[in-house]
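See below for coords.cif, which holds mmCIF, N, CA and C atoms.
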```
data_query
loop_
_atom_site.label_atom_id
_atom_site.label_comp_id
_atom_site.auth_asym_id
_atom_site.auth_seq_id
_atom_site.Cartn_x
_atom_site.Cartn_y
_atom_site.Cartn_z
N MET X 232 100.11 101.68 97.29
CA MET X 232 99.25 100.67 96.72
C MET X 232 99.94 99.30 96.71
N LEU X 233 101.20 99.26 96.25
CA LEU X 233 101.94 98.00 96.21
C LEU X 233 102.12 97.44 97.62
N ILE X 234 102.43 98.31 98.56
CA ILE X 234 102.60 97.86 99.94
C ILE X 234 101.32 97.21 100.44
N GLN X 235 100.18 97.83 100.16
CA GLN X 235 98.90 97.27 100.61
C GLN X 235 98.64 95.91 99.97
N CYS X 236 98.93 95.77 98.69
CA CYS X 236 98.74 94.49 98.01
C CYS X 236 99.61 93.40 98.65
N LEU X 237 100.87 93.75 98.91
CA LEU X 237 101.77 92.78 99.53
C LEU X 237 101.32 92.43 100.94
N LYS X 238 100.86 93.41 101.69
CA LYS X 238 100.36 93.14 103.04
C LYS X 238 99.12 92.26 103.00
N GLN X 239 98.27 92.46 102.01
CA GLN X 239 97.09 91.60 101.87
C GLN X 239 97.51 90.16 101.56
N SER X 240 98.49 90.01 100.70
CA SER X 240 99.01 88.67 100.41
C SER X 240 99.56 88.02 101.67
N LEU X 241 100.26 88.81 102.46
CA LEU X 241 100.85 88.27 103.69
C LEU X 241 99.81 87.99 104.76
N ALA X 242 98.68 88.68 104.70
CA ALA X 242 97.60 88.38 105.64
C ALA X 242 97.05 86.98 105.37
N ILE X 243 97.07 86.59 104.10
CA ILE X 243 96.59 85.26 103.71
C ILE X 243 97.67 84.20 103.95
N ALA X 244 98.91 84.55 103.60
CA ALA X 244 100.04 83.61 103.72
C ALA X 244 101.22 84.33 104.38
N PRO X 245 101.22 84.42 105.71
CA PRO X 245 102.23 85.22 106.42
C PRO X 245 103.67 84.76 106.23
N ARG X 246 103.89 83.52 105.82
CA ARG X 246 105.26 83.02 105.65
C ARG X 246 105.66 82.95 104.17
N TYR X 247 104.97 83.67 103.32
CA TYR X 247 105.25 83.68 101.89
C TYR X 247 106.49 84.54 101.67
N ASP X 248 107.62 83.85 101.54
CA ASP X 248 108.91 84.54 101.49
C ASP X 248 109.03 85.52 100.33
N GLN X 249 108.48 85.18 99.17
CA GLN X 249 108.60 86.09 98.03
C GLN X 249 107.87 87.41 98.29
N ALA X 250 106.70 87.34 98.92
CA ALA X 250 105.97 88.57 99.26
C ALA X 250 106.74 89.35 100.31
N LEU X 251 107.32 88.67 101.29
CA LEU X 251 108.12 89.35 102.31
C LEU X 251 109.33 90.02 101.67
N ARG X 252 109.98 89.31 100.76
CA ARG X 252 111.15 89.87 100.08
C ARG X 252 110.75 91.11 99.28
N ASN X 253 109.65 91.00 98.52
CA ASN X 253 109.20 92.13 97.72
C ASN X 253 108.83 93.32 98.60
N LEU X 254 108.17 93.05 99.71
CA LEU X 254 107.80 94.13 100.64
C LEU X 254 109.06 94.79 101.21
N ALA X 255 110.05 93.99 101.56
CA ALA X 255 111.31 94.54 102.07
C ALA X 255 111.96 95.46 101.04
N VAL X 256 111.98 95.03 99.78
CA VAL X 256 112.59 95.84 98.72
C VAL X 256 111.84 97.16 98.56
N VAL X 257 110.52 97.12 98.60
CA VAL X 257 109.72 98.35 98.47
C VAL X 257 110.05 99.30 99.62
N TYR X 258 110.08 98.77 100.84
CA TYR X 258 110.41 99.61 101.99
C TYR X 258 111.81 100.21 101.84
N GLN X 259 112.76 99.40 101.40
CA GLN X 259 114.13 99.88 101.25
C GLN X 259 114.18 101.00 100.21
N LYS X 260 113.51 100.81 99.10
CA LYS X 260 113.53 101.83 98.04
C LYS X 260 112.85 103.12 98.48
N GLN X 261 111.92 103.02 99.41
CA GLN X 261 111.23 104.21 99.92
C GLN X 261 111.98 104.84 101.10
N GLY X 262 113.10 104.24 101.49
CA GLY X 262 113.88 104.79 102.59
C GLY X 262 113.28 104.51 103.95
N LYS X 263 112.42 103.52 104.04
CA LYS X 263 111.79 103.15 105.32
C LYS X 263 112.63 102.04 105.96
N PHE X 264 113.73 102.46 106.58
CA PHE X 264 114.72 101.51 107.08
C PHE X 264 114.14 100.63 108.18
N LEU X 265 113.40 101.18 109.11
CA LEU X 265 112.84 100.38 110.21
C LEU X 265 111.92 99.29 109.67
N GLU X 266 111.03 99.65 108.76
CA GLU X 266 110.11 98.68 108.17
C GLU X 266 110.87 97.64 107.34
N PHE X 267 111.90 98.11 106.64
CA PHE X 267 112.76 97.22 105.87
C PHE X 267 113.37 96.16 106.77
N ARG X 268 113.98 96.59 107.88
CA ARG X 268 114.61 95.65 108.82
C ARG X 268 113.61 94.70 109.44
N GLU X 269 112.45 95.23 109.84
CA GLU X 269 111.43 94.37 110.44
C GLU X 269 110.96 93.30 109.46
N THR X 270 110.83 93.66 108.21
CA THR X 270 110.39 92.70 107.20
C THR X 270 111.48 91.66 106.94
N LEU X 271 112.73 92.09 106.89
CA LEU X 271 113.84 91.15 106.69
C LEU X 271 113.86 90.09 107.77
N ASP X 272 113.56 90.50 109.00
CA ASP X 272 113.61 89.57 110.13
C ASP X 272 112.52 88.50 110.06
N LYS X 273 111.57 88.64 109.14
CA LYS X 273 110.48 87.67 109.03
C LYS X 273 110.78 86.53 108.06
N PHE X 274 111.92 86.60 107.36
CA PHE X 274 112.32 85.51 106.47
C PHE X 274 113.84 85.41 106.47
N ASP X 275 114.35 84.33 105.91
CA ASP X 275 115.79 84.10 105.94
C ASP X 275 116.47 84.82 104.78
N TYR X 276 116.68 86.12 104.98
CA TYR X 276 117.30 86.94 103.94
C TYR X 276 118.78 86.63 103.77
N ARG X 277 119.39 85.97 104.73
CA ARG X 277 120.84 85.72 104.69
C ARG X 277 121.26 84.83 103.52
N ASN X 278 120.31 84.08 102.97
CA ASN X 278 120.61 83.23 101.81
C ASN X 278 120.41 83.97 100.49
N ASP X 279 120.09 85.24 100.55
CA ASP X 279 119.79 86.03 99.36
C ASP X 279 120.81 87.16 99.26
N ALA X 280 121.79 87.01 98.36
CA ALA X 280 122.89 87.98 98.25
C ALA X 280 122.37 89.40 97.99
N GLN X 281 121.31 89.53 97.21
CA GLN X 281 120.78 90.87 96.93
C GLN X 281 120.23 91.52 98.20
N MET X 282 119.56 90.75 99.03
CA MET X 282 119.01 91.31 100.26
C MET X 282 120.13 91.66 101.25
N VAL X 283 121.14 90.81 101.30
CA VAL X 283 122.31 91.10 102.15
C VAL X 283 122.97 92.40 101.68
N HIS X 284 123.08 92.56 100.38
CA HIS X 284 123.69 93.77 99.83
C HIS X 284 122.84 95.00 100.15
N LEU X 285 121.52 94.89 100.00
CA LEU X 285 120.65 96.03 100.32
C LEU X 285 120.78 96.43 101.79
N LEU X 286 120.75 95.44 102.67
CA LEU X 286 120.86 95.74 104.10
C LEU X 286 122.20 96.37 104.43
N SER X 287 123.27 95.78 103.92
CA SER X 287 124.59 96.33 104.23
C SER X 287 124.77 97.72 103.63
N SER X 288 124.21 97.95 102.45
CA SER X 288 124.28 99.29 101.84
C SER X 288 123.56 100.33 102.71
N ASP X 289 122.42 99.95 103.26
CA ASP X 289 121.71 100.87 104.15
C ASP X 289 122.52 101.13 105.42
N LEU X 290 123.16 100.10 105.94
CA LEU X 290 124.00 100.28 107.13
C LEU X 290 125.18 101.21 106.84
N VAL X 291 125.74 101.11 105.65
CA VAL X 291 126.82 102.01 105.25
C VAL X 291 126.31 103.45 105.22
N LYS X 292 125.11 103.65 104.67
CA LYS X 292 124.53 105.01 104.63
C LYS X 292 124.34 105.58 106.02
N LEU X 293 124.13 104.70 107.00
CA LEU X 293 123.96 105.13 108.38
C LEU X 293 125.30 105.20 109.13
N ASN X 294 126.40 105.02 108.39
CA ASN X 294 127.76 105.03 108.96
C ASN X 294 127.97 103.91 109.99
N LYS X 295 127.25 102.82 109.83
CA LYS X 295 127.41 101.65 110.71
C LYS X 295 128.27 100.63 109.97
N TYR X 296 129.55 100.98 109.83
CA TYR X 296 130.45 100.20 109.00
C TYR X 296 130.74 98.82 109.57
N ASP X 297 130.92 98.72 110.87
CA ASP X 297 131.17 97.41 111.48
C ASP X 297 129.97 96.50 111.31
N ASP X 298 128.78 97.04 111.50
CA ASP X 298 127.55 96.24 111.32
C ASP X 298 127.41 95.80 109.87
N ALA X 299 127.68 96.71 108.94
CA ALA X 299 127.59 96.37 107.51
C ALA X 299 128.58 95.27 107.17
N ALA X 300 129.81 95.38 107.68
CA ALA X 300 130.82 94.36 107.40
C ALA X 300 130.41 93.01 107.98
N ALA X 301 129.82 93.00 109.16
CA ALA X 301 129.36 91.74 109.77
C ALA X 301 128.28 91.09 108.91
N VAL X 302 127.33 91.89 108.42
CA VAL X 302 126.27 91.37 107.55
C VAL X 302 126.88 90.81 106.26
N LEU X 303 127.82 91.53 105.69
CA LEU X 303 128.46 91.08 104.44
C LEU X 303 129.26 89.80 104.65
N ARG X 304 129.99 89.71 105.75
CA ARG X 304 130.77 88.50 106.01
C ARG X 304 129.86 87.29 106.17
N GLU X 305 128.76 87.48 106.88
CA GLU X 305 127.79 86.40 107.03
C GLU X 305 127.20 86.04 105.66
N GLY X 306 126.88 87.05 104.87
CA GLY X 306 126.35 86.80 103.53
C GLY X 306 127.32 86.06 102.64
N LEU X 307 128.61 86.35 102.78
CA LEU X 307 129.62 85.65 101.97
C LEU X 307 129.75 84.18 102.34
N HIS X 308 129.38 83.83 103.56
CA HIS X 308 129.38 82.40 103.92
C HIS X 308 128.32 81.67 103.10
N GLN X 309 127.21 82.33 102.84
CA GLN X 309 126.12 81.73 102.07
C GLN X 309 126.35 81.88 100.56
N SER X 310 126.94 82.99 100.16
CA SER X 310 127.15 83.30 98.73
C SER X 310 128.61 83.72 98.52
N PRO X 311 129.54 82.78 98.62
CA PRO X 311 130.97 83.14 98.58
C PRO X 311 131.45 83.68 97.24
N ARG X 312 130.67 83.51 96.20
CA ARG X 312 131.09 83.97 94.87
C ARG X 312 130.28 85.18 94.41
N SER X 313 129.74 85.93 95.36
CA SER X 313 128.95 87.11 95.01
C SER X 313 129.87 88.32 94.81
N PRO X 314 130.01 88.78 93.57
CA PRO X 314 130.86 89.95 93.32
C PRO X 314 130.38 91.19 94.07
N GLU X 315 129.08 91.37 94.18
CA GLU X 315 128.54 92.55 94.85
C GLU X 315 128.92 92.58 96.33
N LEU X 316 128.84 91.42 96.98
CA LEU X 316 129.20 91.36 98.40
C LEU X 316 130.70 91.54 98.58
N LEU X 317 131.50 90.89 97.73
CA LEU X 317 132.96 91.05 97.82
C LEU X 317 133.38 92.49 97.59
N GLU X 318 132.75 93.14 96.62
CA GLU X 318 133.12 94.52 96.30
C GLU X 318 132.80 95.47 97.46
N LEU X 319 131.61 95.38 97.99
CA LEU X 319 131.23 96.28 99.08
C LEU X 319 132.05 96.00 100.33
N LEU X 320 132.28 94.72 100.64
CA LEU X 320 133.08 94.39 101.82
C LEU X 320 134.53 94.85 101.63
N GLY X 321 135.09 94.62 100.46
CA GLY X 321 136.45 95.09 100.20
C GLY X 321 136.57 96.59 100.36
N TYR X 322 135.59 97.31 99.84
CA TYR X 322 135.58 98.77 99.98
C TYR X 322 135.54 99.16 101.46
N LEU X 323 134.64 98.56 102.22
CA LEU X 323 134.53 98.90 103.65
C LEU X 323 135.84 98.64 104.37
N GLU X 324 136.41 97.48 104.11
CA GLU X 324 137.65 97.12 104.79
C GLU X 324 138.79 98.05 104.40
N TYR X 325 138.81 98.46 103.16
CA TYR X 325 139.87 99.33 102.65
C TYR X 325 139.69 100.77 103.11
N ALA X 326 138.50 101.31 102.91
CA ALA X 326 138.29 102.74 103.09
C ALA X 326 137.75 103.14 104.46
N ARG X 327 137.07 102.23 105.13
CA ARG X 327 136.40 102.62 106.38
C ARG X 327 136.89 101.89 107.62
N LEU X 328 137.36 100.65 107.48
CA LEU X 328 137.69 99.84 108.65
C LEU X 328 139.19 99.66 108.86
N ASN X 329 140.00 100.18 107.93
CA ASN X 329 141.45 100.03 108.04
C ASN X 329 141.84 98.57 108.29
N ASP X 330 141.34 97.70 107.43
CA ASP X 330 141.59 96.26 107.52
C ASP X 330 142.25 95.81 106.21
N PRO X 331 143.54 96.11 106.04
CA PRO X 331 144.19 95.84 104.76
C PRO X 331 144.26 94.36 104.40
N THR X 332 144.40 93.49 105.38
CA THR X 332 144.51 92.07 105.08
C THR X 332 143.25 91.54 104.42
N ASN X 333 142.11 91.83 105.00
CA ASN X 333 140.85 91.35 104.43
C ASN X 333 140.48 92.11 103.16
N ALA X 334 140.78 93.39 103.09
CA ALA X 334 140.51 94.14 101.87
C ALA X 334 141.30 93.54 100.71
N TYR X 335 142.57 93.23 100.95
CA TYR X 335 143.41 92.59 99.92
C TYR X 335 142.77 91.28 99.46
N GLU X 336 142.37 90.47 100.40
CA GLU X 336 141.77 89.17 100.08
C GLU X 336 140.49 89.33 99.26
N HIS X 337 139.62 90.22 99.69
CA HIS X 337 138.32 90.37 99.02
C HIS X 337 138.45 91.02 97.64
N PHE X 338 139.30 92.01 97.51
CA PHE X 338 139.51 92.60 96.18
C PHE X 338 140.17 91.61 95.23
N THR X 339 141.10 90.81 95.75
CA THR X 339 141.75 89.79 94.92
C THR X 339 140.72 88.76 94.44
N GLN X 340 139.87 88.31 95.36
CA GLN X 340 138.81 87.36 94.98
C GLN X 340 137.89 87.98 93.92
N LEU X 341 137.52 89.23 94.11
CA LEU X 341 136.63 89.92 93.17
C LEU X 341 137.25 89.95 91.78
N LEU X 342 138.53 90.30 91.70
CA LEU X 342 139.19 90.41 90.40
C LEU X 342 139.32 89.05 89.72
N HIS X 343 139.46 87.98 90.52
CA HIS X 343 139.50 86.64 89.93
C HIS X 343 138.13 86.20 89.44
N LEU X 344 137.10 86.57 90.17
CA LEU X 344 135.73 86.20 89.78
C LEU X 344 135.24 86.98 88.57
N VAL X 345 135.62 88.27 88.51
CA VAL X 345 135.12 89.15 87.45
C VAL X 345 136.33 89.81 86.77
N PRO X 346 137.00 89.06 85.89
CA PRO X 346 138.21 89.60 85.26
C PRO X 346 138.00 90.88 84.47
N ASP X 347 136.80 91.10 83.97
CA ASP X 347 136.55 92.32 83.19
C ASP X 347 135.71 93.33 83.98
N HIS X 348 135.89 93.34 85.30
CA HIS X 348 135.15 94.27 86.16
C HIS X 348 135.38 95.71 85.70
N PRO X 349 134.33 96.53 85.66
CA PRO X 349 134.46 97.91 85.20
C PRO X 349 135.47 98.74 86.02
N LYS X 350 135.69 98.36 87.25
CA LYS X 350 136.65 99.09 88.09
C LYS X 350 137.95 98.30 88.26
N ARG X 351 138.25 97.47 87.30
CA ARG X 351 139.44 96.61 87.41
C ARG X 351 140.71 97.41 87.67
N GLY X 352 140.92 98.48 86.94
CA GLY X 352 142.13 99.28 87.13
C GLY X 352 142.22 99.84 88.55
N GLU X 353 141.13 100.38 89.02
CA GLU X 353 141.09 100.95 90.39
C GLU X 353 141.37 99.87 91.43
N TYR X 354 140.73 98.71 91.26
CA TYR X 354 140.91 97.64 92.25
C TYR X 354 142.27 96.98 92.13
N THR X 355 142.81 96.92 90.94
CA THR X 355 144.17 96.39 90.77
C THR X 355 145.16 97.30 91.49
N ASN X 356 144.98 98.61 91.35
CA ASN X 356 145.84 99.55 92.08
C ASN X 356 145.72 99.35 93.59
N ALA X 357 144.49 99.15 94.06
CA ALA X 357 144.28 98.93 95.50
C ALA X 357 144.97 97.64 95.94
N VAL X 358 144.81 96.57 95.16
CA VAL X 358 145.44 95.29 95.51
C VAL X 358 146.96 95.44 95.54
N ASN X 359 147.52 96.11 94.56
CA ASN X 359 148.98 96.31 94.53
C ASN X 359 149.45 97.15 95.71
N PHE X 360 148.72 98.20 96.03
CA PHE X 360 149.05 99.03 97.20
C PHE X 360 149.00 98.20 98.47
N LEU X 361 147.93 97.42 98.62
CA LEU X 361 147.77 96.60 99.82
C LEU X 361 148.84 95.52 99.89
N ALA X 362 149.21 94.95 98.74
CA ALA X 362 150.26 93.93 98.71
C ALA X 362 151.57 94.52 99.24
N ARG X 363 151.91 95.72 98.77
CA ARG X 363 153.13 96.37 99.26
C ARG X 363 153.03 96.65 100.75
N ARG X 364 151.89 97.14 101.17
CA ARG X 364 151.69 97.47 102.60
C ARG X 364 151.81 96.23 103.48
N LEU X 365 151.33 95.10 102.95
CA LEU X 365 151.35 93.85 103.73
C LEU X 365 152.62 93.05 103.52
N GLY X 366 153.52 93.54 102.64
CA GLY X 366 154.77 92.84 102.38
C GLY X 366 154.58 91.61 101.52
N LYS X 367 153.54 91.60 100.70
CA LYS X 367 153.27 90.47 99.80
C LYS X 367 153.84 90.80 98.43
N THR X 368 154.07 89.78 97.65
CA THR X 368 154.46 89.96 96.26
C THR X 368 153.21 90.33 95.48
N SER X 369 153.28 91.39 94.72
CA SER X 369 152.14 91.82 93.92
C SER X 369 151.76 90.74 92.92
N SER X 370 150.45 90.55 92.74
CA SER X 370 149.98 89.52 91.82
C SER X 370 149.94 90.02 90.39
N GLY X 371 150.16 91.32 90.16
CA GLY X 371 150.19 91.87 88.83
C GLY X 371 148.85 91.84 88.12
N ASN X 372 147.76 91.87 88.88
CA ASN X 372 146.42 91.86 88.29
C ASN X 372 146.31 93.02 87.37
#
```
Using C-alpha coordinates, write down the structure that the file contains.
Amino acid sequence: MLIQCLKQSLAIAPRYDQALRNLAVVYQKQGKFLEFRETLDKFDYRNDAQMVHLLSSDLVKLNKYDDAAAVLREGLHQSPRSPELLELLGYLEYARLNDPTNAYEHFTQLLHLVPDHPKRGEYTNAVNFLARRLGKTSSGN
(Lines of atoms letter the chains of each structure in order from A and count residues from 1; the text may use other names and numbers.)
(Lines give C-alpha, C1' and ligand atoms only; values in the text may rest on other atoms or scores of the structure.)
Protein backbone atom coordinates (compact mmCIF):
# COMPACT_ATOMS: atom_id res chain seq x y z
CA MET A 1 0.00 0.00 0.00
CA LEU A 2 2.75 2.46 0.95
CA ILE A 3 4.67 1.65 -2.22
CA GLN A 4 1.58 2.37 -4.32
CA CYS A 5 1.01 5.70 -2.56
CA LEU A 6 4.62 6.73 -3.13
CA LYS A 7 4.47 5.65 -6.78
CA GLN A 8 1.30 7.71 -7.24
CA SER A 9 3.07 10.73 -5.76
CA LEU A 10 5.96 10.16 -8.12
CA ALA A 11 3.60 9.86 -11.09
CA ILE A 12 2.54 13.43 -10.32
CA ALA A 13 6.01 14.73 -9.36
CA PRO A 14 8.68 12.33 -10.68
CA ARG A 15 11.59 14.38 -9.28
CA TYR A 16 10.18 14.66 -5.74
CA ASP A 17 13.28 13.61 -3.85
CA GLN A 18 11.54 12.96 -0.52
CA ALA A 19 9.12 10.50 -2.14
CA LEU A 20 12.02 8.82 -3.95
CA ARG A 21 13.96 8.60 -0.70
CA ASN A 22 10.97 7.15 1.15
CA LEU A 23 10.35 4.63 -1.63
CA ALA A 24 14.01 3.58 -1.54
CA VAL A 25 13.82 3.03 2.22
CA VAL A 26 10.66 0.91 1.87
CA TYR A 27 12.30 -1.22 -0.83
CA GLN A 28 15.43 -1.62 1.28
CA LYS A 29 13.44 -2.67 4.35
CA GLN A 30 11.57 -5.23 2.25
CA GLY A 31 14.84 -6.67 0.92
CA LYS A 32 14.12 -5.56 -2.66
CA PHE A 33 17.71 -4.65 -3.48
CA LEU A 34 17.24 -4.15 -7.23
CA GLU A 35 14.30 -1.78 -6.73
CA PHE A 36 16.20 -0.05 -3.93
CA ARG A 37 19.19 0.60 -6.22
CA GLU A 38 17.02 1.72 -9.13
CA THR A 39 15.24 4.21 -6.90
CA LEU A 40 18.50 5.53 -5.45
CA ASP A 41 19.74 6.25 -8.96
CA LYS A 42 16.80 8.62 -9.50
CA PHE A 43 17.98 11.17 -6.91
CA ASP A 44 21.24 12.36 -5.40
CA TYR A 45 21.47 9.96 -2.48
CA ARG A 46 25.20 10.65 -2.08
CA ASN A 47 24.41 13.78 -0.03
CA ASP A 48 22.34 11.73 2.43
CA ALA A 49 24.50 9.85 4.96
CA GLN A 50 21.61 7.56 5.94
CA MET A 51 21.04 6.48 2.34
CA VAL A 52 24.78 5.94 1.82
CA HIS A 53 24.81 3.80 4.96
CA LEU A 54 21.78 1.77 3.81
CA LEU A 55 23.33 1.12 0.40
CA SER A 56 26.72 0.18 1.79
CA SER A 57 25.11 -2.07 4.42
CA ASP A 58 23.27 -3.93 1.67
CA LEU A 59 26.50 -4.28 -0.30
CA VAL A 60 28.18 -5.74 2.80
CA LYS A 61 25.34 -8.29 3.09
CA LEU A 62 26.08 -9.27 -0.51
CA ASN A 63 29.81 -9.63 0.37
CA LYS A 64 30.65 -6.76 -2.01
CA TYR A 65 33.12 -5.21 0.41
CA ASP A 66 35.11 -3.18 -2.12
CA ASP A 67 31.91 -1.69 -3.55
CA ALA A 68 30.61 -0.90 -0.06
CA ALA A 69 33.90 0.79 0.86
CA ALA A 70 33.80 2.88 -2.34
CA VAL A 71 30.25 4.04 -1.55
CA LEU A 72 31.26 4.88 2.03
CA ARG A 73 34.36 6.80 0.97
CA GLU A 74 32.31 8.84 -1.47
CA GLY A 75 29.71 9.42 1.24
CA LEU A 76 32.38 10.62 3.65
CA HIS A 77 33.38 13.31 1.17
CA GLN A 78 29.84 14.69 1.50
CA SER A 79 29.39 13.89 5.22
CA PRO A 80 32.89 13.75 6.75
CA ARG A 81 31.59 13.83 10.32
CA SER A 82 29.13 10.95 10.00
CA PRO A 83 29.84 8.45 12.80
CA GLU A 84 27.78 5.77 11.04
CA LEU A 85 29.81 6.00 7.85
CA LEU A 86 33.14 6.12 9.71
CA GLU A 87 32.18 3.12 11.82
CA LEU A 88 31.09 0.91 8.93
CA LEU A 89 34.06 1.92 6.77
CA GLY A 90 36.50 1.34 9.64
CA TYR A 91 35.00 -2.09 10.22
CA LEU A 92 35.27 -3.01 6.53
CA GLU A 93 38.85 -1.83 6.31
CA TYR A 94 39.79 -3.64 9.51
CA ALA A 95 37.91 -6.92 9.18
CA ARG A 96 37.31 -7.42 5.46
CA LEU A 97 39.75 -5.41 3.34
CA ASN A 98 42.98 -5.76 5.34
CA ASP A 99 43.56 -2.01 5.14
CA PRO A 100 45.09 -1.16 8.53
CA THR A 101 46.14 2.39 7.62
CA ASN A 102 42.64 3.55 6.71
CA ALA A 103 40.98 1.50 9.45
CA TYR A 104 43.25 3.22 12.00
CA GLU A 105 42.37 6.63 10.58
CA HIS A 106 38.62 6.02 10.49
CA PHE A 107 38.36 4.45 13.94
CA THR A 108 40.47 7.28 15.38
CA GLN A 109 38.18 9.86 13.76
CA LEU A 110 35.12 8.02 15.08
CA LEU A 111 36.45 8.00 18.64
CA HIS A 112 37.21 11.72 18.46
CA LEU A 113 33.75 12.51 17.10
CA VAL A 114 31.89 10.27 19.56
CA PRO A 115 33.91 10.10 22.78
CA ASP A 116 31.21 8.12 24.57
CA HIS A 117 30.61 5.63 21.73
CA PRO A 118 29.03 2.41 23.05
CA LYS A 119 31.85 0.38 21.47
CA ARG A 120 34.60 2.70 22.65
CA GLY A 121 36.55 -0.05 24.42
CA GLU A 122 36.43 -2.35 21.40
CA TYR A 123 37.45 0.41 19.00
CA THR A 124 40.17 1.69 21.33
CA ASN A 125 41.63 -1.82 21.37
CA ALA A 126 41.47 -1.92 17.56
CA VAL A 127 43.16 1.51 17.28
CA ASN A 128 45.92 0.45 19.68
CA PHE A 129 46.44 -2.83 17.82
CA LEU A 130 46.57 -1.01 14.49
CA ALA A 131 48.95 1.62 15.91
CA ARG A 132 51.37 -1.11 16.96
CA ARG A 133 51.01 -2.86 13.60
CA LEU A 134 51.68 0.39 11.75
CA GLY A 135 54.55 1.41 14.05
CA LYS A 136 52.68 4.45 15.37
CA THR A 137 52.64 5.69 18.93
CA SER A 138 49.38 4.66 20.55
CA SER A 139 47.06 7.58 21.21
CA GLY A 140 45.82 6.01 24.46
CA ASN A 141 42.16 6.48 23.54
Quiz prompt | Non-local contacts of Pro331 in chain X (6.5 Å; all atoms listed in the file; under 6 positions in same chain excluded) as an MDAnalysis selection string | solution = chainID X and resid 324:325 361
Exercise. Figure out the distance between CA of Leu317 in chain X and CA of His337 in chain X, please, to one decimal in Å.
Key: 5.5 Å
Quiz prompt | Selected residue, from X:Val302, X:Ile234, X:Val358, X:Ala255, that lies nearest to Tyr335 in chain X when counting only C-alpha atoms | solution = X:Val358
Quiz item: Which value, in Å to one decimal, gives the distance between atom C of Lys263 in chain X and atom N of Asn294 in chain X?
Solution: 14.3 Å
Quiz item: Which residues, protein or nucleic acid, reach to within 6 Å of (129.5, 99.3, 102.4) in the file's coordinates when using all atoms listed in the file, and can you give that as a ChimeraX atom specification?
Solution: /X:287-288,291,319-320,323
Quiz prompt | Selection: 8 Å around Tyr258 in chain X, all atoms listed in the file, excl. self and same-chain fewer than 5 positions, as number ranges by chain | solution = X: 234, 252-253, 263-268
Quiz prompt | Point-to-point distance from CA of Tyr354 in chain X to atom C of Glu336 in chain X, Å rounded to tenths | solution =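 These two atoms are separated by 10.9 Å.
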